[in-house]
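Peer 1: TSV, C-alpha atoms and all ligand atoms, saved as upload.tsv, coming up:
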chain	number	residue	atom	x	y	z
A	1	MET	CA	171.43	4.56	9.72
A	2	GLY	CA	174.49	3.70	11.83
A	3	LEU	CA	177.86	5.43	11.77
A	4	VAL	CA	179.92	4.92	8.60
A	5	VAL	CA	183.66	4.86	7.92
A	6	THR	CA	184.82	4.64	4.30
A	7	ILE	CA	188.13	3.25	3.05
A	8	ASP	CA	188.92	3.81	-0.62
A	9	GLY	CA	192.02	3.24	-2.70
A	10	PRO	CA	193.52	1.43	-5.72
A	11	ALA	CA	193.63	-2.33	-6.36
A	12	ALA	CA	195.45	-4.33	-3.68
A	13	SER	CA	196.22	-1.30	-1.51
A	14	GLY	CA	195.19	-3.36	1.53
A	15	LYS	CA	191.66	-1.93	1.77
A	16	SER	CA	189.98	-5.26	2.46
A	17	SER	CA	192.35	-6.47	5.18
A	18	VAL	CA	192.44	-3.06	6.85
A	19	SER	CA	188.69	-2.45	6.73
A	20	ARG	CA	187.88	-5.98	7.90
A	21	GLU	CA	190.21	-5.66	10.89
A	22	LEU	CA	188.99	-2.15	11.69
A	23	ALA	CA	185.36	-3.38	11.66
A	24	ARG	CA	186.35	-6.25	13.96
A	25	ARG	CA	187.99	-3.87	16.43
A	26	LEU	CA	185.03	-1.48	16.39
A	27	GLY	CA	182.45	-4.29	16.50
A	28	TRP	CA	180.90	-2.93	13.28
A	29	LYS	CA	179.75	-4.48	10.01
A	30	TRP	CA	182.09	-4.56	7.02
A	31	VAL	CA	181.39	-4.44	3.30
A	32	SER	CA	183.75	-4.72	0.36
A	33	THR	CA	181.71	-2.85	-2.29
A	34	GLY	CA	183.86	-4.36	-5.04
A	35	ALA	CA	181.85	-7.54	-4.39
A	36	PHE	CA	178.83	-5.90	-6.05
A	37	TYR	CA	180.82	-5.18	-9.22
A	38	ARG	CA	182.60	-8.52	-9.13
A	39	GLY	CA	179.30	-10.37	-8.50
A	40	LEU	CA	177.66	-8.62	-11.43
A	41	ALA	CA	180.66	-9.32	-13.65
A	42	TYR	CA	180.68	-12.98	-12.63
A	43	ALA	CA	176.94	-13.35	-13.30
A	44	ALA	CA	177.39	-11.66	-16.69
A	45	ILE	CA	180.21	-14.06	-17.61
A	46	GLN	CA	178.16	-17.11	-16.55
A	47	LEU	CA	175.05	-15.93	-18.41
A	48	LYS	CA	177.12	-14.87	-21.43
A	49	VAL	CA	175.85	-11.31	-21.27
A	50	ASN	CA	177.75	-9.11	-23.68
A	51	LEU	CA	180.03	-6.60	-21.99
A	52	ASP	CA	178.71	-3.84	-24.28
A	53	ASP	CA	175.06	-4.58	-23.57
A	54	VAL	CA	174.39	-1.89	-20.93
A	55	LYS	CA	170.67	-2.65	-20.83
A	56	ALA	CA	171.22	-6.33	-20.10
A	57	LEU	CA	173.92	-5.51	-17.53
A	58	SER	CA	171.64	-2.99	-15.79
A	59	GLU	CA	168.80	-5.53	-15.68
A	60	LEU	CA	171.17	-8.11	-14.27
A	61	THR	CA	171.97	-5.81	-11.31
A	62	HIS	CA	168.50	-6.59	-9.91
A	63	ASN	CA	168.30	-10.25	-10.88
A	64	PRO	CA	167.97	-12.45	-7.75
A	65	ILE	CA	170.13	-15.06	-9.49
A	66	TRP	CA	173.08	-13.47	-7.66
A	67	SER	CA	173.39	-11.79	-4.27
A	68	VAL	CA	175.85	-10.28	-1.82
A	69	ARG	CA	175.96	-11.22	1.86
A	70	LEU	CA	177.93	-9.39	4.56
A	71	GLU	CA	179.92	-11.55	6.93
A	72	PRO	CA	182.60	-10.45	9.40
A	73	ASP	CA	185.41	-12.25	7.54
A	74	ARG	CA	184.33	-11.85	3.90
A	75	THR	CA	181.79	-10.12	1.75
A	76	ARG	CA	180.29	-13.19	0.13
A	77	VAL	CA	178.78	-13.50	-3.32
A	78	TYR	CA	176.26	-16.17	-4.29
A	79	PHE	CA	175.31	-17.16	-7.83
A	80	GLN	CA	172.42	-19.60	-8.27
A	81	ASN	CA	172.62	-20.26	-4.50
A	82	GLU	CA	176.25	-21.32	-4.78
A	83	ASP	CA	178.98	-19.49	-2.86
A	84	VAL	CA	181.28	-18.07	-5.56
A	85	THR	CA	183.32	-15.80	-3.27
A	86	ASP	CA	186.59	-17.54	-4.17
A	87	ALA	CA	185.83	-17.48	-7.90
A	88	ILE	CA	185.18	-13.73	-7.98
A	89	ALA	CA	188.58	-13.04	-6.37
A	90	HIS	CA	190.38	-13.75	-9.68
A	91	GLU	CA	192.03	-10.82	-11.40
A	92	ASP	CA	190.15	-11.50	-14.66
A	93	VAL	CA	186.83	-11.07	-12.80
A	94	GLY	CA	188.31	-7.89	-11.22
A	95	ASN	CA	189.15	-6.56	-14.64
A	96	PHE	CA	185.69	-7.42	-15.98
A	97	ALA	CA	184.20	-5.74	-12.87
A	98	SER	CA	186.24	-2.63	-13.58
A	99	LYS	CA	184.85	-2.57	-17.13
A	100	VAL	CA	181.18	-2.96	-16.15
A	101	SER	CA	181.71	-0.33	-13.43
A	102	HIS	CA	182.19	2.30	-16.16
A	103	TYR	CA	178.52	2.41	-17.05
A	104	PRO	CA	176.60	5.12	-15.14
A	105	GLU	CA	173.41	3.00	-15.39
A	106	VAL	CA	175.16	0.08	-13.72
A	107	ARG	CA	176.69	2.24	-10.97
A	108	LYS	CA	173.33	3.86	-10.25
A	109	ALA	CA	171.55	0.52	-10.13
A	110	LEU	CA	174.05	-0.85	-7.59
A	111	LEU	CA	174.02	2.23	-5.37
A	112	ASP	CA	170.94	1.46	-3.25
A	113	ALA	CA	172.13	-2.04	-2.46
A	114	GLN	CA	175.47	-0.63	-1.25
A	115	ARG	CA	173.79	2.10	0.80
A	116	ASN	CA	171.42	-0.43	2.35
A	117	CYS	CA	174.45	-2.01	4.03
A	118	SER	CA	174.43	0.88	6.52
A	119	LYS	CA	170.82	0.26	7.58
A	120	GLY	CA	170.25	-0.58	11.21
A	121	GLU	CA	171.99	0.59	14.33
A	122	ASP	CA	175.37	-1.04	13.87
A	123	GLY	CA	178.21	0.97	12.40
A	124	LEU	CA	179.61	0.09	8.96
A	125	VAL	CA	183.10	0.11	7.48
A	126	ALA	CA	182.67	0.36	3.68
A	127	GLU	CA	185.58	-0.22	1.32
A	128	GLY	CA	185.89	0.49	-2.42
A	129	ARG	CA	186.71	3.24	-4.93
A	130	ASP	CA	183.91	5.78	-4.44
A	131	CYS	CA	182.62	5.00	-0.95
A	132	GLY	CA	183.70	8.35	0.49
A	133	THR	CA	182.88	10.40	-2.60
A	134	VAL	CA	179.58	8.91	-3.84
A	135	VAL	CA	178.16	6.00	-1.84
A	136	PHE	CA	178.54	7.55	1.64
A	137	PRO	CA	179.45	11.22	1.12
A	138	THR	CA	178.38	12.09	4.68
A	139	ALA	CA	180.43	9.32	6.34
A	140	GLU	CA	181.81	10.20	9.77
A	141	ALA	CA	185.37	9.36	8.72
A	142	LYS	CA	186.99	8.81	5.31
A	143	VAL	CA	190.30	7.11	4.63
A	144	TYR	CA	192.25	6.82	1.37
A	145	LEU	CA	194.77	4.01	1.39
A	146	THR	CA	197.67	3.75	-1.04
A	147	ALA	CA	200.86	1.71	-1.44
A	148	SER	CA	203.58	1.63	-4.09
A	149	SER	CA	202.61	-0.24	-7.28
A	150	ALA	CA	205.45	-2.73	-6.81
A	151	HIS	CA	204.25	-3.49	-3.30
A	152	ARG	CA	200.62	-3.87	-4.38
A	153	ALA	CA	201.54	-6.18	-7.27
A	154	ALA	CA	203.74	-8.34	-5.03
A	155	ARG	CA	201.01	-8.56	-2.40
A	156	ARG	CA	198.25	-9.72	-4.77
A	157	ALA	CA	200.57	-11.99	-6.83
A	158	ASN	CA	201.55	-13.70	-3.59
A	159	GLU	CA	197.92	-14.13	-2.50
A	160	LEU	CA	196.84	-15.62	-5.83
A	161	GLY	CA	200.08	-17.49	-6.65
A	162	LEU	CA	200.63	-15.51	-9.87
A	163	ASP	CA	203.54	-13.79	-11.58
A	164	GLU	CA	204.42	-10.39	-10.10
A	165	GLY	CA	205.17	-8.74	-13.46
A	166	ASP	CA	201.85	-9.87	-14.97
A	167	MET	CA	200.03	-8.69	-11.86
A	168	ALA	CA	201.72	-5.28	-12.01
A	169	LYS	CA	200.53	-4.86	-15.61
A	170	ALA	CA	196.96	-5.98	-14.83
A	171	GLN	CA	196.72	-3.65	-11.82
A	172	LYS	CA	198.12	-0.72	-13.75
A	173	GLN	CA	195.45	-1.21	-16.40
A	174	ARG	CA	192.66	-1.60	-13.81
A	175	ASP	CA	193.75	1.48	-11.81
A	176	HIS	CA	193.87	3.48	-15.02
A	177	GLN	CA	190.35	2.33	-15.94
A	178	ASP	CA	189.04	3.05	-12.44
A	179	SER	CA	190.57	6.51	-12.11
A	180	THR	CA	189.81	7.83	-15.61
A	181	ARG	CA	186.17	6.74	-15.95
A	182	LYS	CA	183.65	9.53	-16.32
A	183	VAL	CA	181.32	8.58	-13.47
A	184	ALA	CA	182.51	8.27	-9.87
A	185	PRO	CA	186.17	7.78	-10.73
A	186	MET	CA	188.48	6.53	-8.02
A	187	ALA	CA	189.54	9.71	-6.26
A	188	VAL	CA	190.75	10.92	-2.88
A	189	PRO	CA	187.73	12.37	-1.02
A	190	ALA	CA	188.35	16.04	-0.14
A	191	ASP	CA	188.15	15.39	3.59
A	192	ALA	CA	190.00	12.06	3.69
A	193	PHE	CA	192.87	10.87	5.85
A	194	GLU	CA	195.47	9.62	3.34
A	195	LEU	CA	197.78	6.83	4.32
A	196	ASP	CA	200.59	5.10	2.39
A	197	SER	CA	200.92	1.54	3.70
A	198	THR	CA	204.05	0.55	1.75
A	199	GLU	CA	206.37	0.52	4.77
A	200	LEU	CA	203.79	-0.59	7.34
A	201	ASP	CA	202.42	-3.96	8.42
A	202	LEU	CA	198.69	-4.59	8.74
A	203	ASN	CA	198.51	-3.85	12.47
A	204	GLN	CA	200.42	-0.60	12.09
A	205	VAL	CA	198.02	0.53	9.35
A	206	VAL	CA	194.93	-0.42	11.35
A	207	ASP	CA	196.35	1.30	14.47
A	208	LYS	CA	196.75	4.54	12.53
A	209	VAL	CA	193.36	4.31	10.86
A	210	GLU	CA	191.63	3.42	14.13
A	211	ALA	CA	193.29	6.34	15.94
A	212	TYR	CA	192.07	8.67	13.18
A	213	VAL	CA	188.55	7.24	13.19
A	214	LYS	CA	188.32	7.67	16.96
A	215	THR	CA	188.92	11.40	16.56
A	216	ARG	CA	185.85	11.53	14.28
A	217	ILE	CA	183.20	9.43	16.04
B	301	LIG	O1	187.97	-3.58	-4.88
B	301	LIG	P1	187.84	-4.63	-5.94
B	301	LIG	O2	189.16	-5.01	-6.56
B	301	LIG	O3	187.08	-5.84	-5.47
B	301	LIG	O4	186.94	-3.94	-7.10
B	301	LIG	C1	186.75	-4.54	-8.38
B	301	LIG	C2	186.35	-3.47	-9.39
B	301	LIG	O5	185.04	-2.98	-9.09
B	301	LIG	C3	187.25	-2.24	-9.42
B	301	LIG	O6	188.35	-2.41	-10.29
B	301	LIG	C4	186.32	-1.15	-9.86
B	301	LIG	C5	184.96	-1.57	-9.35
B	301	LIG	N1	184.58	-0.87	-8.12
B	301	LIG	C6	184.03	0.38	-8.26
B	301	LIG	O7	183.96	0.89	-9.38
B	301	LIG	N2	183.58	1.07	-7.18
B	301	LIG	C7	183.68	0.53	-5.95
B	301	LIG	N3	183.22	1.22	-4.90
B	301	LIG	C8	184.28	-0.74	-5.78
B	301	LIG	C9	184.73	-1.42	-6.89
Before anything else, please render the file you have as structure tokens.
Peer 2:
Amino acid sequence: MGLVVTIDGPAASGKSSVSRELARRLGWKWVSTGAFYRGLAYAAIQLKVNLDDVKALSELTHNPIWSVRLEPDRTRVYFQNEDVTDAIAHEDVGNFASKVSHYPEVRKALLDAQRNCSKGEDGLVAEGRDCGTVVFPTAEAKVYLTASSAHRAARRANELGLDEGDMAKAQKQRDHQDSTRKVAPMAVPADAFELDSTELDLNQVVDKVEAYVKTRI
């Protein structure tokens, strides 16, 4: 297993951009673990699996009809051999992902696949909600990224061309779901470096995170 850095935080806190750029600078692999939950949610929507059917959802976690592939620029998701990475970026898939992520059976079933991303000699930057607390509790360095809710809503609304007010409401609901669930709720790992990115640009955030990581590896 290579070295691991985890970056957790709420929706649209900049985790993906920061972790992708950090991985590029370090020459490491990068995974957005949300892709596993979004991929599962997308597959469930396509196959009309009921959101309450935990058994069917758990079985679907291992169905080769969908898969996740790590690439330096994106964590890609395939469904029936088609690249659906753009489709899973929608907020409604994010919300569905947040809902399926509540089930302990689903989380457990997706854990090995996420941990397997660190196999091999290359280092890994892993981003999500519980990467530092549950997926990689022994990671060399853990970061928890935040930003004001207004800033996060504006950022994602801009990216997806949607209304800022609607986005703020959707994110608030998703963050509430993610932080109050019983299993592996979104939480600041005890030994994490916490950083608020509201007043910083991407490079400034990555500079700070990289400087911290370098003190740990
Ligand atoms: O990071 P994201 O927006 O792509 O994640 C989508 C949802 O997946 C998120 O709202 C909750 C769930 N998730 C999770 O429970 N644990 C993770 N490590 C990553 C995502």
Peer 1: Mind dumping a table of every chain A residue within 7 Å of ligand LIG 301 (chain B), with the nearest atom pair and its distance in Å to one decimal, using all atoms listed in the file, sorted by chain and rising number, as CSV?
Peer 2:
residue,atom,partner,partner_atom,distance
A:Ala11,CA,B:LIG301,O2,5.2
A:Ala12,CA,B:LIG301,O2,7.0
A:Ser32,CA,B:LIG301,O3,6.8
A:Thr33,CA,B:LIG301,C8,4.8
A:Gly34,CA,B:LIG301,O3,3.6
A:Ala35,CA,B:LIG301,O3,5.6
A:Tyr37,CA,B:LIG301,O5,4.8
A:Arg38,CA,B:LIG301,C1,5.8
A:Gly94,CA,B:LIG301,C1,4.7
A:Asn95,CA,B:LIG301,O6,6.1
A:Ala97,CA,B:LIG301,C2,4.7
A:Ser98,CA,B:LIG301,O6,3.9
A:Ser101,CA,B:LIG301,O7,4.8
A:Glu127,CA,B:LIG301,N3,6.8
A:Gly128,CA,B:LIG301,N3,3.7
A:Arg129,CA,B:LIG301,N3,4.0
A:Asp130,CA,B:LIG301,N3,4.6
A:Cys131,CA,B:LIG301,N3,5.5
A:Arg174,CA,B:LIG301,O6,5.6
A:Asp175,CA,B:LIG301,O6,6.8
A:Asp178,CA,B:LIG301,C4,5.6
Peer 1: Could you make a table, as a Markdown table, of the residues of region 125-202 of chain A that have an atom within 12 Å of an atom of region 73-92 of chain A, each with its nearest atom pair and distance in Å to one decimal, counting all atoms listed in the file, in chain and number order?
Peer 2:
| residue | atom | partner | partner_atom | distance |
| --- | --- | --- | --- | --- |
| A:Val125 | CA | A:Thr75 | CA | 11.8 |
| A:Ala126 | CA | A:Thr75 | CA | 10.7 |
| A:Glu127 | CA | A:Thr75 | CA | 10.6 |
| A:Ala153 | CA | A:Glu91 | CA | 11.4 |
| A:Arg156 | CA | A:Glu91 | CA | 9.2 |
| A:Ala157 | CA | A:Glu91 | CA | 9.8 |
| A:Glu159 | CA | A:Ala89 | CA | 10.2 |
| A:Leu160 | CA | A:His90 | CA | 7.7 |
| A:Gly161 | CA | A:His90 | CA | 10.8 |
| A:Leu162 | CA | A:Glu91 | CA | 9.9 |
| A:Asp163 | CA | A:Glu91 | CA | 11.9 |
| A:Asp166 | CA | A:Glu91 | CA | 10.5 |
| A:Met167 | CA | A:Glu91 | CA | 8.3 |
| A:Ala168 | CA | A:Glu91 | CA | 11.2 |
| A:Lys169 | CA | A:Glu91 | CA | 11.2 |
| A:Ala170 | CA | A:Glu91 | CA | 7.7 |
| A:Gln171 | CA | A:Glu91 | CA | 8.6 |
| A:Gln173 | CA | A:Glu91 | CA | 11.4 |
| A:Arg174 | CA | A:Glu91 | CA | 9.6 |
Peer 1: Using Å and a single decimal, report how far CA of Thr138 (chain A) sits from CA of Asp191 (chain A).
Peer 2: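 Calculated distance between CA of Asp191 (chain A) and CA of Thr138 (chain A) is 10.4 Å.
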Peer 1: Please identify all polymer residues lying at most 10 Å from the point (172.1, -9.4, -7.0) (file coordinates), using all atoms listed in the file, and present the result as a PyMOL selection string.
Peer 2: chain A and resi 36-37+39-40+43+60-69+77-79+110+113
Peer 1: Quick check, in Å to one decimal: how far apart do CA of Val135 (chain A) and CA of Arg115 (chain A) lie?
Peer 2: 6.4 Å
